[in-house]
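Student: Below is one structure. I have some questions about it.
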Amino acid sequence: MATFHVVQEGPVNALALNRDNTQVAIGGRNVFKVYTIEEDKFREVCNLRASKHLNLSFSCNDVSWSWTDDHYLATAATNGHVCVWNLTKMGKAMQEQDYQEHKRTVNKVNFHASEPNRLISGSQDGTMRYFDIRAKNAVAIFYSNTESVRDVQFSPHNPYTFAAVSENGSVQLWDVRRPDRYQQQFAAHSGPIFACDWHPESTWLATASRDKTIKVWDLTSKLTLEYTIHTIASIGHIKWRPQRRYHIASCALVVDCSINIWDVRRPYIPFAAFNEHKDIPSGVAWKEDPHTFLSSGRDCTLYQHSFNFASRPASKANPQGVSLNNKGEVLYAHKVNVNNAIVKAAVGIIRKTSTTQSPDQFHLASSLMHQFTESPRGEQSESEIFLGLANNYVLSGRSLSEMCEHNSAVAKQYGKDQVAVVWKIIKTMYGEEYLQNSTSTNREDVVSHNNLPLNNIMGGIEHTNENDQRSRGGDTPVAQFSDETENEDQVDHIAIYSNGFPTYLNFRTGLPKGDFSFGENEIDMEFDTMITDFQSGYRNYVTPQQDFVLPNEAFHLRHEIRNRTPPPDKFPNSNFPVMNDDSQTIPLEEQPQTLLTVSCLPKMPLYDSSSIVLDALKHHAILGDVQTAACVLIVLGDQRKTLNELDESTQEHWLLGYIELLSRYQLWNIATQIIKLSWIPSVEQLNQQSTRFNTNCSKCSKALQRIGWLCDRCHSSQYALCSVCHQVVKGLYAWCQGCSHGGHLAHMRQWFAINKMCPTGCRHLCEYK
Amino acid sequence: MLDKCNKSYLCSGLSLFLFSLRPDFSLLFQTNNLFVDAFLQSNRLDHVSQVMGYHTSYLDHFLKTQNFILRGDGPLPFHYRHYIAIMAAGRHQCGYLINLQKQEFLLLGGEHSWLKGLSSIPPKLKNLYDINKILAHRPWQLNTSHIEKLTKGKDSWSLAEVIHAIVILTHFHSLCSFVFACGVNQEVDQAGGYKYYMPGEPIQARSSNTNQTNPKDIPTVDITEDWKNSSHVGPPSPTEPEVGINTIMQRMKTLSEQNEECTPIELAKRFENIETQSAELGLVGGERLETPADISCFIEDEKFGYQDFAKREEQMDFPTFRVQDYSWNDHGYSLVNRLYNDVGNLLDDKFKTAQNLTYYTMGGRTDVDTSRFRRAIWNYIQCLLGIRHDDYDYGEINHLLERSLKTFIKSACCYPERVTKKDYDRVLREFKHSEKVHVNLMVLEARMQAELLYALRTVNRYMTN
């Protein structure tokens with residue numbers, strides 16, 4: 001099958017195939033001919049404009065060929081006439097009927113598919129007329145009550161139903177037996193609708209409009225919009241492709257000279273395009289065979305196209321995309337060669353589902369997504385960042401906004417941009433100056449904050465350039481980059497992906513509807529593979545990270561914490577009596593409070609930001625960054641009471657989690673500071689819990705609970721004797737950790753001022769400093 | 001602010017034709033709001049808007065469009081837009097619009113020197129002049145080579161800029177028609193716009209008094225005096241009979257009843273008849289005397305003017321434009337919207353409103369279906385510019401539009417600068433002023449659409465070739 005064409009005297013407005021697809025009629029202002037379609041050319045059979053009496057009735061807007069009788073043609077004329085032509089007759093007699101009933105241009109004429117002799121017309125005057133070609137006048141008139149009817153089409157499923165679309169953007173469904181009122185009407189587009197077409201098999205109706213969309217409506221009991229295709233120009237004609245459930249051909253009205261075949265499930269790029277026409281195409285007719293169709297154009301040509309010569313825009317499309325975010329991170333997606341495994345799997349599916357026809361496989365596309373983040377301090381491991389942040393955060397002793405400002409700067413310094421922003425927001429929402437002053441200052445400050453991320457973006461761009469240069473030099477840039485990314489700030493990555501991916505997933509579930517993989521001759525794996533790729537990519541990308549992140553972060557630890565939470569509750573019962581004995585520890589209880597009363601209790605802000613702050617904190621905690629959650633809570637001081645919804649157990653959870661982490665990193669001082677600053681009794685008591693250290697009796701190893709110098713079991717204090725003066729030591733007992741001998745502190749000091757060995761004579765070289 | 005404006009036109013007179021409108025010119029609430037908007041947009045409530053205030057629904061679309069093409073998003077720099085408007089108004093020597101646009105041009109930082117005339121503007125702008133000239137008078141002569149000349153070579157225009165310029169040009173060409181056909185007066189702050197009257201002096205008397213006060217060299221005054229003088233003549237001579245509204249209504253009725261089918265050949269003949277008849281119509285007014293210097297500096301090739309489409313020399317080169325082959329709805333809109341975002345919607349709404357505007361009145365009669373009369377006017381205007389609607393029987397035009405009305409419409413459309421008060425008074429005598437303004441609006445819109453169709457078809461051809 002080849003592509004061939006024939007040139008006409010003037011622009012062609014419409015074409016129609018006969019029942020057997022052996023002949024084609026074309027009509028235009030200066031053209032009205034019938035051709036026979038041969039193997040590789042068109043042969044002119046009849047020129048209906050050969051008559052001497054040419055007039056406007058010959059200038060057709062539309063042509064239709066009877067489905068039942070091959071001799072009848074109908075045309076819609078620009079001057080409002082509807083003419084019926086009998087091809088068996090000659091000369092003037094050919095024009096069997098000339099209905100002059102429409103007041104304005106007739107836009108569309110269509111023969112009924114099963115009812116012989118019946119045809120319908122739609123006109124600019126807003127009416128549709130139903131003719132019996134044996135009668136002189138219209139059998140029925142349908143008033144659409146709209147400006148003008150642009151297209152009328154009989155339903156292939158119900159012989160009485162037809163659809164009419166009009167310039168005011170509405171679709172009407174009529175019953176030919178009921179001319180008084182339409183059955184159904186709905187607004188389909190925001191501009192004039194130029195064409196409609198019933199799906200040959202399912203209950204779909206496609207409409208095409210000046211608003212540059214093609215919409216596919218499901219007209220079963222409940223009207224639903226199934227698909228929307230976005231085109232680059234207004235669409236003048238559409239036609240479903242036979243035997244291809246999801247394919248539809250479209251012709252633009254201006255600008256776009258190609259005929260596009262769309263897969264309705266992929267609405268942004270045509271499945272195939274035919275670029276033979278030099279001016280806009282004006283009509284498409286399929287030859288009952290999905291691989292050949294005819295088209296007419298304003299460039300005075302009639303073409304037969306073969307699918308073999310279609311261009312596939314999707315294969316030329318550039319599937320690369322780059323995007324920047326406000327933190328200076330760069331996201332980019334690029335095409336990859338389709339994974340063989342996927343192709344094989346897909347072919348398997350095709351075998352299962354397709355029964356006939358060679359599958360027209362919509363080209364496979366898949367892409368990989370990479371993300372680059374700024375790494376100001378080179379490659380830093382997560383633990384270094386944690387250490388740095390823990391060491392540099394200021395959690396008390398200054399005003400809330402100062403602390404926030406400081407902490408934000410620290411976070412930024414360590415590349416934790418999100419955390420830095422959180423601090424800034426906390427400052428804006430809870431800082432003293434904002435609470436006291438009116439909202440106007442608030443606004444100013446927000447603006448000034450906004451400047452910071454901007455600078456950051458600039459920085460990010462420069463950084464990208466660096467990356468770029470490196471990538472040119474490097475052998476495997478992608479690998480290099482992904483290495484780099486893995487080492488950076490993973491928490492942020494997860495945040496971004498978890499935000500970003502749901503949209504892709506929605507996208508996917510929104511698209512393929514119906515029996516996507518069954519009863520379909522062709523399979524477009526386009527989307528499927530792309531999405532599975534995305535998904536698997538997502539998993540691949542995330543899973544190793546989780547493996548990597550988890551040990552570092554608090555997930556494992558949290559379980560331990562949970563197990564550990566009960567003990568603090570017991571403390572009051574078991575330890576308080578003992579504590580009462582210890583007079584030293586009492587001040588500790590009050591210290592935190594004096595430290596925490598940072599400022600006077602400000603009024604509640606009018607805007608209740610607590611839920612947002614809470615969400616932010618929970619978000620970080622869930623990502624494993626309890627550091628942020630805990631520190632913000634601490635810095636908030638009394639303000640945290642406004643976070644009503646945050647229950648105490650969660651707060652405790654976070655604090656304990658952070659403390660646990662700190663002790664893992666051996667940051668005892670900071671852990672202690674956190675404990676001191678905490679406001680939850682069970683946490684606060686962590687410090688008080690280990691203040692007492694019981695020595696054991698050297699003889700029976702019983703803990704000396706009551707007093708350090710008398711064993712309750714042995715009733716002797718012989719092991720509490722000073723090894724110098726041999727008296728019972730009742731105060732501080734200093735002993736060597738090497739040989740466990742000792743005595744009065746003063747005696748020990750005296751002894752070791754002169755001697756090096758243990759005073760007991762065990763010959764141990766004790767160290768005393 | 002509005003009060004002030006109202007006061008100002010009390011003194012200056014909105015329009016020379018519409019003396020009678022002033023006293024019963026009560027502002028509707030909606031109109032009032034539009035006036036406020038217009039004032040805020042352009043820092044003045046110009047007389048054009050006030051005259052259009054008769055037709056609120058239209059004024060709304062008009063102001064939106066004008067504001068968008070001059071001040072909205074678009075490819076052309078702002079001062080360019082106003083200069084293009086000056087160039088467009090220059091083709092009809094419309095001093096009123098030129099002066100308004102000059103001010104806007106300067107306000108937007110346009111260079112003073114440009115206002116010295118076409119000789120001192122950048123070549124890029126000057127290249128546009130050919131299109132301006134052709135579109136204003138003989139739009140059918142526009143061809144792809146004109147567009148090509150603009151878009152290629154040095155100082156070239158992008159297609160989007162060309163479309164923007166075309167929209168501005170056609171807008172101001174047709175606005176000239178409206179300004180002259182309604183006899184819109186100079187603004188108060190323009191030369192000749194303000195006159196001092198003693199209180200209590202009757203208006204008619206004032207107008208004759210002003211003859212001496214106006215310096216001769218101010219262009220606009222020439223017209224004004226024309227008007228003033230003609231107003232002395234009083235009602236037009238009874239020797240020119242005019243069919244009354246009753247007759248028109250009767251004819252519309254018979255037209256809709258009769259279902260006489262005439263052969264398409266007959267129809268084609270009728271279209272040609274209308275064309276040739278219109279070519280025979282005498283012109284109103286005489287040839288303008290020389291154009292004053294401050295306007296003529298914006299004009300080049302002043303002799304180039306409208307030529308009757310029927311009398312065009314190269315019949316074969318310029319065939320009749322068939323609306324069915326290139327219509328605004330299908331093609332024009334899509335193209336203009338593609339190259340100059342959103343303007344298509346605005347123009348679409350404006351055309352639709354102008355085409356469908358009706359109050360079902362004619363003169364004092366109510367519940368009249370005016371669609372035939374309106375369609376006759378609309379199609380007659382486009383017929384003058386060689387545009388044919390296949391599905392229209394042009395015989396109706398001769399039934400419904402009288403020779404004098406046709407003369408008036410033709411003058412307003414093709415030689416607006418020659419329209420005088422006599423012409424205005426002579427036609428549609430039984431109609432109200434608001435209805436006459438309505439007719440002028442249709443002249444504006446039908447002309448603009450015709451020019452746009454020619455221009456866009458040419459651009460379309462340029463793009464596809």
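Residues in the structure tokens are numbered from 1 in each chain, the chains being A, B, ... in the order shown, and ligands are numbered from 1 in the order shown.
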Any chance you could tabulate, as a Markdown table, the residues of chain B at most 7 Å from chain A with each one's nearest atom pair and distance in Å to one decimal, using only C-alpha atoms, in chain and rising number order?
Tutor:
| residue | atom | partner | partner_atom | distance |
| --- | --- | --- | --- | --- |
| B:Pro264 | CA | A:Asn55 | CA | 5.6 |
| B:Ile265 | CA | A:Asn55 | CA | 6.1 |
| B:Gln324 | CA | A:Thr78 | CA | 6.6 |
| B:Asp330 | CA | A:Leu253 | CA | 6.9 |
| B:His331 | CA | A:Val254 | CA | 6.1 |
| B:Ser334 | CA | A:Ser234 | CA | 6.2 |
| B:Leu335 | CA | A:Val254 | CA | 6.6 |
| B:Asp390 | CA | A:Asn79 | CA | 4.8 |
| B:Asp391 | CA | A:Asn79 | CA | 3.8 |
| B:Thr464 | CA | A:Asp279 | CA | 5.9 |
Student: Can you pull out every residue within 12 Å of Arg178 in chain A, counting only C-alpha atoms, but drop anything in the same chain fewer than 3 positions away, and send it as a PDB file with N, CA, C and O atoms, in the first residue's frame?
Tutor:
ATOM      1  N   TYR A 130     -34.297  16.610   8.773  1.00  0.00           N
ATOM      2  CA  TYR A 130     -34.252  15.192   8.466  1.00  0.00           C
ATOM      3  C   TYR A 130     -35.010  14.998   7.160  1.00  0.00           C
ATOM      4  O   TYR A 130     -36.178  15.371   7.057  1.00  0.00           O
ATOM      5  N   VAL A 139     -38.661  15.939   6.396  1.00  0.00           N
ATOM      6  CA  VAL A 139     -39.617  15.138   7.129  1.00  0.00           C
ATOM      7  C   VAL A 139     -39.762  15.670   8.545  1.00  0.00           C
ATOM      8  O   VAL A 139     -40.834  15.692   9.123  1.00  0.00           O
ATOM      9  N   ALA A 140     -38.651  16.115   9.088  1.00  0.00           N
ATOM     10  CA  ALA A 140     -38.692  16.630  10.451  1.00  0.00           C
ATOM     11  C   ALA A 140     -37.666  17.756  10.592  1.00  0.00           C
ATOM     12  O   ALA A 140     -36.639  17.745   9.925  1.00  0.00           O
ATOM     13  N   ILE A 141     -37.999  18.709  11.438  1.00  0.00           N
ATOM     14  CA  ILE A 141     -37.075  19.819  11.690  1.00  0.00           C
ATOM     15  C   ILE A 141     -36.770  19.846  13.182  1.00  0.00           C
ATOM     16  O   ILE A 141     -37.678  19.738  14.011  1.00  0.00           O
ATOM     17  N   PHE A 142     -35.528  19.947  13.496  1.00  0.00           N
ATOM     18  CA  PHE A 142     -35.099  19.977  14.905  1.00  0.00           C
ATOM     19  C   PHE A 142     -34.504  21.347  15.190  1.00  0.00           C
ATOM     20  O   PHE A 142     -33.568  21.760  14.505  1.00  0.00           O
ATOM     21  N   TYR A 143     -35.067  22.037  16.144  1.00  0.00           N
ATOM     22  CA  TYR A 143     -34.539  23.360  16.499  1.00  0.00           C
ATOM     23  C   TYR A 143     -33.604  23.222  17.686  1.00  0.00           C
ATOM     24  O   TYR A 143     -34.006  22.826  18.770  1.00  0.00           O
ATOM     25  N   TYR A 160     -32.095   5.411  16.086  1.00  0.00           N
ATOM     26  CA  TYR A 160     -32.918   6.614  16.211  1.00  0.00           C
ATOM     27  C   TYR A 160     -32.155   7.796  16.791  1.00  0.00           C
ATOM     28  O   TYR A 160     -32.633   8.900  16.793  1.00  0.00           O
ATOM     29  N   THR A 161     -31.018   7.537  17.331  1.00  0.00           N
ATOM     30  CA  THR A 161     -30.318   8.602  18.044  1.00  0.00           C
ATOM     31  C   THR A 161     -29.314   9.299  17.134  1.00  0.00           C
ATOM     32  O   THR A 161     -28.645   8.649  16.333  1.00  0.00           O
ATOM     33  N   PHE A 162     -29.256  10.598  17.250  1.00  0.00           N
ATOM     34  CA  PHE A 162     -28.146  11.298  16.620  1.00  0.00           C
ATOM     35  C   PHE A 162     -27.636  12.387  17.538  1.00  0.00           C
ATOM     36  O   PHE A 162     -28.351  12.864  18.416  1.00  0.00           O
ATOM     37  N   LEU A 173     -28.279  15.397  22.193  1.00  0.00           N
ATOM     38  CA  LEU A 173     -28.630  14.082  21.676  1.00  0.00           C
ATOM     39  C   LEU A 173     -30.120  14.110  21.359  1.00  0.00           C
ATOM     40  O   LEU A 173     -30.930  14.522  22.180  1.00  0.00           O
ATOM     41  N   TRP A 174     -30.450  13.684  20.156  1.00  0.00           N
ATOM     42  CA  TRP A 174     -31.837  13.732  19.702  1.00  0.00           C
ATOM     43  C   TRP A 174     -32.306  12.342  19.332  1.00  0.00           C
ATOM     44  O   TRP A 174     -31.520  11.463  18.988  1.00  0.00           O
ATOM     45  N   ASP A 175     -33.628  12.211  19.381  1.00  0.00           N
ATOM     46  CA  ASP A 175     -34.272  11.014  18.857  1.00  0.00           C
ATOM     47  C   ASP A 175     -34.985  11.475  17.586  1.00  0.00           C
ATOM     48  O   ASP A 175     -35.750  12.431  17.624  1.00  0.00           O
ATOM     49  N   ARG A 181     -38.134  17.993  21.132  1.00  0.00           N
ATOM     50  CA  ARG A 181     -37.200  18.272  22.216  1.00  0.00           C
ATOM     51  C   ARG A 181     -36.031  17.292  22.184  1.00  0.00           C
ATOM     52  O   ARG A 181     -36.197  16.115  21.864  1.00  0.00           O
ATOM     53  N   TYR A 182     -34.865  17.797  22.514  1.00  0.00           N
ATOM     54  CA  TYR A 182     -33.703  16.917  22.573  1.00  0.00           C
ATOM     55  C   TYR A 182     -33.794  16.005  23.791  1.00  0.00           C
ATOM     56  O   TYR A 182     -34.457  16.335  24.775  1.00  0.00           O
ATOM     57  N   GLN A 183     -33.125  14.867  23.685  1.00  0.00           N
ATOM     58  CA  GLN A 183     -33.140  13.927  24.802  1.00  0.00           C
ATOM     59  C   GLN A 183     -32.208  14.363  25.908  1.00  0.00           C
ATOM     60  O   GLN A 183     -32.485  14.201  27.089  1.00  0.00           O
TER      61      GLN A 183
END
Student: I need the residue nearest Phe318 in chain B from this list: B:Ile299, B:Ile147, B:Val336, B:Leu385. Use only C-alpha atoms for the distance.
Tutor: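 Among B:Ile299, B:Ile147, B:Val336, B:Leu385, it is B:Leu385 that comes nearest to Phe318 in chain B.
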